[in-house]
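Written below as structure tokens is the structure these notes are about.
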Amino acid sequence: MKKIFFLLALAVGSAQAAGPTPVWTTAGFANPESVVYSSLQKVLYVSNVNGKPDAKDGNGFISQVGLDGRVIKREWLKGLHAPKGLAYLRGFLYVTDIDQLLEVDTGNGRITRRFKAAGAQFLNDVAVTPRGTVFVSDMLTNTIWRLQGDNFTPWLKDDALQMPNGLAWDGGKLIVASWGVGLKPDLSTETTGYLQSVDAETKAITARFAPIPLGNLDGVVANGKGGYVVTDHMRGNVFKIGADGQPNLWLQLTPGTADIGAAPGLIVLPQMSENTLSAYSYK
């Protein structure tokens, strides 16, 4: 216990990054879980669970939001169950919905393909490579799924993933934000998670930096310079991690801060318990 406390102190107490400037906050969402930027339409897409995260109730929807925070269309795509992770590539949106992956044409808002994940329990985040390979985390089964062409299959199943939640593609490697080990009824864990790296060729799993317990990690985005911004869902902490691996507490928000998104000059944070979407300046 003393060792864990010491490591946590190293993680969150050794440095604190200068806080970002708030740009806007928009209310009126319904358990917003993930946000992604479309470079083609120059808008944000936001997944709304709108109910229990594992309920097949048809209440979930995707919102379309401007870079100024204005809601363009609250229910841009509706009739989903509990949509969570989002990824975008060349006009198509990839959405997880409990045990299936959806491909959506952002030009007309229609679902073009559905991929069933047989045996999946809680599909969560999505990452897509520049060549169009899609990776999806299944948090409760310690599995990463992969979509190549029309084939959606388990790609890596390993307890070492430690409940994989957030995903990001970075320089030929899949970055995994782990939730932790030893799940409790309140969704906290005996040991909190950290960033891991999975080699796309060998599937080798390694700590991205020192394996210091950091939090129940949810969202992760790469900054293109070897660093990341990550969210701790259970505590509402947002960390900036430099290329040297040093985690810096950047923001302290409310519990429920979920799958982070990046847009030009902005970091955008969905807050599930507050039903808001907030943007902060980011360089």
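Chain lettering (A, B, ...) mirrors the order of the structure tokens, residue numbering begins at 1 for each chain separately, and ligand numbering begins at 1 in order of display.
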Name the residues in contact with Met272 (chain A) at a cut-off of 10 Å, using only C-alpha atoms, excluding same-chain residues fewer than 4 positions from it; report them as an MDAnalysis selection string.
-> chainID A and resid 29:34 48:50 233 254:259 276:277
Write a file of the just-selected residues containing C-alpha atoms, as a JSON list (two decimals), in the first residue's frame.
[["chain", "number", "residue", "atom", "x", "y", "z"],
["A", 29, "PHE", "CA", -26.57, 16.50, -23.71],
["A", 30, "ALA", "CA", -27.59, 13.10, -22.34],
["A", 31, "ASN", "CA", -24.64, 11.28, -20.74],
["A", 32, "PRO", "CA", -22.15, 12.39, -23.43],
["A", 33, "GLU", "CA", -19.36, 9.82, -23.59],
["A", 34, "SER", "CA", -17.12, 10.57, -26.55],
["A", 48, "ASN", "CA", -24.88, 10.30, -26.01],
["A", 49, "VAL", "CA", -25.54, 7.13, -23.98],
["A", 50, "ASN", "CA", -28.84, 8.56, -22.66],
["A", 233, "HIS", "CA", -13.11, 9.10, -15.38],
["A", 254, "THR", "CA", -16.08, 16.44, -11.93],
["A", 255, "PRO", "CA", -16.18, 12.64, -11.89],
["A", 256, "GLY", "CA", -17.55, 11.32, -15.16],
["A", 257, "THR", "CA", -15.11, 13.15, -17.43],
["A", 258, "ALA", "CA", -15.05, 10.78, -20.37],
["A", 259, "ASP", "CA", -13.52, 10.18, -23.80],
["A", 276, "THR", "CA", -22.09, 19.03, -20.77],
["A", 277, "LEU", "CA", -19.39, 19.39, -23.39]]
If we count only C-alpha atoms, what is near Leu195 (chain A) at a cut-off of 7 Å, once residues fewer than 6 positions away on the same chain are taken out, given as an MDAnalysis selection string?
-> chainID A and resid 175:178 207:208
Go ahead and save the residues from that selection, with C-alpha atoms, as a short mmCIF file (atom, residue, chain, number, x, y, z; two decimals), in the first residue's frame.
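Dumped to result32.cif:
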data_model
loop_
_atom_site.label_atom_id
_atom_site.label_comp_id
_atom_site.auth_asym_id
_atom_site.auth_seq_id
_atom_site.Cartn_x
_atom_site.Cartn_y
_atom_site.Cartn_z
CA ILE A 175 -1.95 3.38 -27.30
CA VAL A 176 -4.27 1.93 -24.66
CA ALA A 177 -5.60 3.85 -21.65
CA SER A 178 -6.23 1.11 -19.09
CA ALA A 207 3.98 0.34 -20.60
CA ARG A 208 4.11 3.48 -22.73
#
Test item, strand (DSSP E or B) assignment across region 59-280 of chain A, answer as JSON, numbers by chain | {"A": [60, 61, 62, 63, 64, 65, 66, 71, 72, 73, 74, 75, 76, 77, 78, 79, 80, 83, 84, 85, 86, 87, 88, 89, 92, 93, 94, 95, 96, 97, 98, 100, 101, 102, 103, 104, 105, 110, 111, 112, 113, 114, 115, 116, 123, 124, 125, 126, 127, 128, 134, 135, 136, 137, 138, 143, 144, 145, 146, 147, 148, 151, 152, 153, 154, 155, 156, 157, 164, 165, 166, 167, 168, 169, 170, 173, 174, 175, 176, 177, 178, 180, 181, 182, 183, 189, 190, 191, 192, 193, 195, 196, 197, 198, 199, 205, 206, 207, 215, 217, 218, 219, 220, 221, 222, 228, 229, 230, 231, 232, 237, 238, 239, 240, 241, 247, 248, 249, 250, 251, 252, 257, 259, 261, 262, 263, 266, 267, 268, 269, 270, 271, 276, 277, 278, 279, 280]}
For Asp138 (chain A), please output as a PyMOL selection string all residues within 12 Å (counting only C-alpha atoms; exclusion window: fewer than 6 positions along the same chain).
-> chain A and resi 84-85+96-101+117-126+144-146+153-159+161-167+176+178-179
Can you write just those residues out, N, CA and C atoms, as an mmCIF file, in the first residue's frame?
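New file again03.cif:
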data_model
loop_
_atom_site.group_PDB
_atom_site.id
_atom_site.type_symbol
_atom_site.label_atom_id
_atom_site.label_comp_id
_atom_site.auth_asym_id
_atom_site.auth_seq_id
_atom_site.Cartn_x
_atom_site.Cartn_y
_atom_site.Cartn_z
ATOM 1 N N LYS A 84 -20.779 4.840 -27.524
ATOM 2 C CA LYS A 84 -19.661 5.348 -26.725
ATOM 3 C C LYS A 84 -18.551 5.851 -27.647
ATOM 4 N N GLY A 85 -17.541 5.036 -27.886
ATOM 5 C CA GLY A 85 -16.377 5.508 -28.619
ATOM 6 C C GLY A 85 -16.668 5.941 -30.044
ATOM 7 N N THR A 96 -19.029 2.725 -31.474
ATOM 8 C CA THR A 96 -19.304 1.489 -30.751
ATOM 9 C C THR A 96 -20.675 1.597 -30.087
ATOM 10 N N ASP A 97 -21.390 0.457 -30.074
ATOM 11 C CA ASP A 97 -22.719 0.426 -29.461
ATOM 12 C C ASP A 97 -22.921 -0.921 -28.771
ATOM 13 N N ILE A 98 -22.334 -1.043 -27.593
ATOM 14 C CA ILE A 98 -22.392 -2.210 -26.699
ATOM 15 C C ILE A 98 -21.682 -3.427 -27.284
ATOM 16 N N ASP A 99 -22.261 -4.064 -28.307
ATOM 17 C CA ASP A 99 -21.648 -5.261 -28.882
ATOM 18 C C ASP A 99 -21.594 -5.209 -30.408
ATOM 19 N N GLN A 100 -21.615 -3.993 -30.941
ATOM 20 C CA GLN A 100 -21.463 -3.845 -32.383
ATOM 21 C C GLN A 100 -20.732 -2.546 -32.722
ATOM 22 N N LEU A 101 -20.122 -2.551 -33.885
ATOM 23 C CA LEU A 101 -19.446 -1.373 -34.418
ATOM 24 C C LEU A 101 -20.239 -0.886 -35.620
ATOM 25 N N ALA A 117 -20.037 -7.938 -32.820
ATOM 26 C CA ALA A 117 -18.888 -8.464 -32.086
ATOM 27 C C ALA A 117 -19.378 -9.579 -31.174
ATOM 28 N N ALA A 118 -19.430 -10.785 -31.700
ATOM 29 C CA ALA A 118 -19.967 -11.919 -30.946
ATOM 30 C C ALA A 118 -19.134 -12.164 -29.687
ATOM 31 N N GLY A 119 -19.795 -12.177 -28.546
ATOM 32 C CA GLY A 119 -19.118 -12.415 -27.279
ATOM 33 C C GLY A 119 -18.626 -11.160 -26.589
ATOM 34 N N ALA A 120 -18.680 -10.027 -27.264
ATOM 35 C CA ALA A 120 -18.251 -8.771 -26.638
ATOM 36 C C ALA A 120 -19.261 -8.357 -25.567
ATOM 37 N N GLN A 121 -18.773 -7.722 -24.515
ATOM 38 C CA GLN A 121 -19.642 -7.309 -23.418
ATOM 39 C C GLN A 121 -19.781 -5.794 -23.297
ATOM 40 N N PHE A 122 -18.736 -5.059 -23.648
ATOM 41 C CA PHE A 122 -18.769 -3.617 -23.388
ATOM 42 C C PHE A 122 -17.795 -2.916 -24.331
ATOM 43 N N LEU A 123 -18.124 -2.922 -25.629
ATOM 44 C CA LEU A 123 -17.268 -2.209 -26.567
ATOM 45 C C LEU A 123 -17.192 -0.747 -26.161
ATOM 46 N N ASN A 124 -15.987 -0.199 -26.208
ATOM 47 C CA ASN A 124 -15.812 1.135 -25.650
ATOM 48 C C ASN A 124 -15.247 2.115 -26.673
ATOM 49 N N ASP A 125 -13.936 2.256 -26.729
ATOM 50 C CA ASP A 125 -13.372 3.296 -27.584
ATOM 51 C C ASP A 125 -12.978 2.729 -28.947
ATOM 52 N N VAL A 126 -12.694 3.663 -29.879
ATOM 53 C CA VAL A 126 -12.329 3.329 -31.254
ATOM 54 C C VAL A 126 -11.101 4.150 -31.658
ATOM 55 N N ILE A 144 -9.039 -6.467 -27.629
ATOM 56 C CA ILE A 144 -9.016 -5.458 -28.682
ATOM 57 C C ILE A 144 -9.529 -6.121 -29.960
ATOM 58 N N TRP A 145 -10.570 -5.552 -30.556
ATOM 59 C CA TRP A 145 -11.094 -6.026 -31.827
ATOM 60 C C TRP A 145 -10.483 -5.202 -32.959
ATOM 61 N N ARG A 146 -10.463 -5.805 -34.157
ATOM 62 C CA ARG A 146 -9.921 -5.102 -35.320
ATOM 63 C C ARG A 146 -10.844 -5.289 -36.524
ATOM 64 N N THR A 153 -12.955 -8.900 -36.115
ATOM 65 C CA THR A 153 -12.617 -10.065 -35.304
ATOM 66 C C THR A 153 -11.776 -9.656 -34.097
ATOM 67 N N PRO A 154 -11.765 -10.506 -33.049
ATOM 68 C CA PRO A 154 -10.853 -10.236 -31.929
ATOM 69 C C PRO A 154 -9.412 -10.276 -32.424
ATOM 70 N N TRP A 155 -8.665 -9.242 -32.115
ATOM 71 C CA TRP A 155 -7.274 -9.131 -32.570
ATOM 72 C C TRP A 155 -6.293 -9.480 -31.460
ATOM 73 N N LEU A 156 -6.627 -9.086 -30.236
ATOM 74 C CA LEU A 156 -5.755 -9.352 -29.089
ATOM 75 C C LEU A 156 -6.610 -9.488 -27.840
ATOM 76 N N LYS A 157 -6.454 -10.601 -27.161
ATOM 77 C CA LYS A 157 -7.134 -10.833 -25.877
ATOM 78 C C LYS A 157 -6.068 -11.166 -24.852
ATOM 79 N N ASP A 158 -5.930 -10.327 -23.822
ATOM 80 C CA ASP A 158 -4.848 -10.516 -22.862
ATOM 81 C C ASP A 158 -5.192 -9.758 -21.584
ATOM 82 N N ASP A 159 -5.104 -10.426 -20.448
ATOM 83 C CA ASP A 159 -5.385 -9.763 -19.172
ATOM 84 C C ASP A 159 -4.416 -8.619 -18.887
ATOM 85 N N LEU A 161 -3.870 -6.223 -20.653
ATOM 86 C CA LEU A 161 -4.474 -4.969 -21.111
ATOM 87 C C LEU A 161 -5.156 -4.221 -19.974
ATOM 88 N N GLN A 162 -5.464 -4.916 -18.883
ATOM 89 C CA GLN A 162 -5.977 -4.299 -17.661
ATOM 90 C C GLN A 162 -7.220 -3.435 -17.896
ATOM 91 N N MET A 163 -8.229 -4.052 -18.498
ATOM 92 C CA MET A 163 -9.483 -3.382 -18.813
ATOM 93 C C MET A 163 -9.245 -2.197 -19.746
ATOM 94 N N PRO A 164 -8.963 -2.469 -21.006
ATOM 95 C CA PRO A 164 -8.650 -1.398 -21.959
ATOM 96 C C PRO A 164 -9.854 -0.511 -22.216
ATOM 97 N N ASN A 165 -9.644 0.787 -22.094
ATOM 98 C CA ASN A 165 -10.732 1.737 -22.324
ATOM 99 C C ASN A 165 -10.382 2.616 -23.521
ATOM 100 N N GLY A 166 -9.686 3.720 -23.294
ATOM 101 C CA GLY A 166 -9.355 4.635 -24.379
ATOM 102 C C GLY A 166 -8.315 4.064 -25.329
ATOM 103 N N LEU A 167 -8.436 4.448 -26.615
ATOM 104 C CA LEU A 167 -7.487 4.031 -27.632
ATOM 105 C C LEU A 167 -7.042 5.232 -28.458
ATOM 106 N N VAL A 176 -3.124 2.385 -25.435
ATOM 107 C CA VAL A 176 -4.272 1.930 -24.662
ATOM 108 C C VAL A 176 -4.282 2.627 -23.305
ATOM 109 N N SER A 178 -5.664 2.209 -19.864
ATOM 110 C CA SER A 178 -6.235 1.110 -19.092
ATOM 111 C C SER A 178 -7.018 1.634 -17.883
ATOM 112 N N TRP A 179 -8.121 0.942 -17.588
ATOM 113 C CA TRP A 179 -8.966 1.310 -16.449
ATOM 114 C C TRP A 179 -8.350 0.848 -15.137
#
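Near Val229 (chain A), within 6 Å and counting only C-alpha atoms, sit Val220, Val221, Phe239 and Lys240 of chain A, not including residues fewer than 4 positions from it in the same chain.
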Next, the residues of the selection above should be written as a PDB file, in the first residue's frame with N, CA and C atoms.
ATOM      1  N   VAL A 220      -7.969   9.186 -24.371  1.00  0.00           N
ATOM      2  CA  VAL A 220      -6.566   9.513 -24.629  1.00  0.00           C
ATOM      3  C   VAL A 220      -6.448  10.071 -26.038  1.00  0.00           C
ATOM      4  N   VAL A 221      -5.720  11.168 -26.182  1.00  0.00           N
ATOM      5  CA  VAL A 221      -5.372  11.696 -27.504  1.00  0.00           C
ATOM      6  C   VAL A 221      -3.872  11.955 -27.527  1.00  0.00           C
ATOM      7  N   PHE A 239      -4.922  14.765 -17.347  1.00  0.00           N
ATOM      8  CA  PHE A 239      -3.472  14.836 -17.289  1.00  0.00           C
ATOM      9  C   PHE A 239      -2.880  15.147 -18.659  1.00  0.00           C
ATOM     10  N   LYS A 240      -1.848  15.958 -18.636  1.00  0.00           N
ATOM     11  CA  LYS A 240      -0.979  16.154 -19.792  1.00  0.00           C
ATOM     12  C   LYS A 240       0.286  15.354 -19.526  1.00  0.00           C
TER      13      LYS A 240
END
Write out as a PDB file with C-alpha atoms, in the first residue's frame the residues lying within 6 Å of region 38-46 of chain A, counting only C-alpha atoms and excluding same-chain residues fewer than 6 positions away.
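Printed below is result_34.pdb as written:
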ATOM      1  CA  ILE A  62     -25.123  11.187 -31.839  1.00  0.00           C
ATOM      2  CA  SER A  63     -25.064  15.002 -31.726  1.00  0.00           C
ATOM      3  CA  GLN A  64     -23.468  17.373 -34.219  1.00  0.00           C
ATOM      4  CA  VAL A  65     -21.812  20.423 -32.643  1.00  0.00           C
ATOM      5  CA  GLY A  66     -19.959  23.407 -34.112  1.00  0.00           C
ATOM      6  CA  LEU A  67     -16.450  24.392 -33.075  1.00  0.00           C
TER       7      LEU A  67
END
Quick one: pull the distance between CA of Val181 (chain A) and CA of Thr141 (chain A), Å, one decimal.
-> 12.1 Å
A:Gly219, A:Pro247, A:Pro20, A:Gly171 ranked by distance to Val198 (chain A), top pick (using only C-alpha atoms) = A:Gly171
May I ask for the distance between CA of Ile267 (chain A) and CA of Ser281 (chain A), given in Å to one decimal place?
->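 Going from CA of Ile267 (chain A) over to CA of Ser281 (chain A) covers 6.4 Å.
The closest residue to Val95 (chain A), picked from A:Gly60, A:Gly224, A:Pro270, A:Gly182 and counting only C-alpha atoms, is A:Gly60.
Each of A:Asn108, A:Thr133, A:Gln271, A:Asn216 was compared to Tyr94 (chain A) using only C-alpha atoms, and A:Thr133 turns out to be the nearest.
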What are the DSSP helix (DSSP H, G or I) residues of region 56-182 of chain A, as an MDAnalysis selection string?
-> chainID A and resid 139:141 159:161
Would you output that residue set with N, CA and C atoms, as a compact mmCIF listing (two decimals), in the first residue's frame?
# COMPACT_ATOMS: atom_id res chain seq x y z
N MET A 139 -13.75 -3.48 -22.93
CA MET A 139 -13.18 -3.27 -21.61
C MET A 139 -13.34 -4.48 -20.68
N LEU A 140 -14.51 -5.11 -20.67
CA LEU A 140 -14.80 -6.14 -19.69
C LEU A 140 -14.21 -7.51 -20.04
N THR A 141 -13.77 -7.70 -21.27
CA THR A 141 -13.17 -8.99 -21.64
C THR A 141 -11.68 -8.88 -21.97
N ASP A 159 -5.10 -10.43 -20.45
CA ASP A 159 -5.39 -9.76 -19.17
C ASP A 159 -4.42 -8.62 -18.89
N ALA A 160 -3.26 -8.65 -19.56
CA ALA A 160 -2.28 -7.57 -19.37
C ALA A 160 -2.80 -6.22 -19.86
N LEU A 161 -3.87 -6.22 -20.65
CA LEU A 161 -4.47 -4.97 -21.11
C LEU A 161 -5.16 -4.22 -19.97
Considering only C-alpha atoms, state which residue in the set A:Ile241, A:Val268, A:Ile111, A:Ala279 is at the smallest distance from Val35 (chain A).
->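 Smallest distance to Val35 (chain A) is found for A:Val268.
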Could you work out how far CA of Arg235 (chain A) lies from CA of Leu187 (chain A), giving the answer in Å with one decimal?
->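 Spanning CA of Leu187 (chain A) to CA of Arg235 (chain A) is a straight-line distance of 11.6 Å.
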Polymer residues at most 12 Å from Gly245 (chain A), only C-alpha atoms, same-chain spacing of 6 or more positions, as a list in words = Leu10, Ala11, Ala15, Tyr194, Leu195, Gln196, Ala207, Arg208, Phe209, Ala210, Pro211, Ile212, Leu214, Lys225, Gly226, Gly227, Tyr228, Val229 and Phe239 of chain A
Kindly save the residues from that selection, with C-alpha atoms included, as a PDB file, in the first residue's frame.
ATOM      1  CA  LEU A  10       5.036  10.654  -8.121  1.00  0.00           C
ATOM      2  CA  ALA A  11       2.352  10.564 -10.798  1.00  0.00           C
ATOM      3  CA  ALA A  15       4.311  18.541 -11.473  1.00  0.00           C
ATOM      4  CA  TYR A 194      -1.821   3.641 -16.891  1.00  0.00           C
ATOM      5  CA  LEU A 195      -0.951   4.057 -20.560  1.00  0.00           C
ATOM      6  CA  GLN A 196       0.147   1.000 -22.486  1.00  0.00           C
ATOM      7  CA  ALA A 207       3.976   0.336 -20.596  1.00  0.00           C
ATOM      8  CA  ARG A 208       4.106   3.481 -22.733  1.00  0.00           C
ATOM      9  CA  PHE A 209       6.075   5.108 -19.946  1.00  0.00           C
ATOM     10  CA  ALA A 210       6.824   3.936 -16.405  1.00  0.00           C
ATOM     11  CA  PRO A 211       3.883   1.787 -15.259  1.00  0.00           C
ATOM     12  CA  ILE A 212       2.808   4.179 -12.517  1.00  0.00           C
ATOM     13  CA  LEU A 214      -2.487   7.031 -12.761  1.00  0.00           C
ATOM     14  CA  LYS A 225       5.083  15.031 -30.203  1.00  0.00           C
ATOM     15  CA  GLY A 226       5.284  11.851 -28.171  1.00  0.00           C
ATOM     16  CA  GLY A 227       2.923  13.087 -25.471  1.00  0.00           C
ATOM     17  CA  TYR A 228      -0.741  12.632 -24.601  1.00  0.00           C
ATOM     18  CA  VAL A 229      -3.727  14.102 -22.844  1.00  0.00           C
ATOM     19  CA  PHE A 239      -3.472  14.836 -17.289  1.00  0.00           C
TER      20      PHE A 239
END
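Residue nearest Val23 (chain A), chosen from A:Leu249, A:Val104, A:Leu89, A:Leu269 and counting only C-alpha atoms: A:Leu269.
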With a distance cut-off of 8 Å and only C-alpha atoms, select the neighbouring residues of Asn59 (chain A), excluding the residue or stretch itself and same-chain residues fewer than 6 positions from it, and output the selection as number ranges by chain.
-> A: 49-51, 78-82
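The nearest approach to Ala200 (chain A) among the residues A:Ser188, A:Ser47, A:Ser278, A:Thr129, with only C-alpha atoms taken into account, belongs to A:Thr129.
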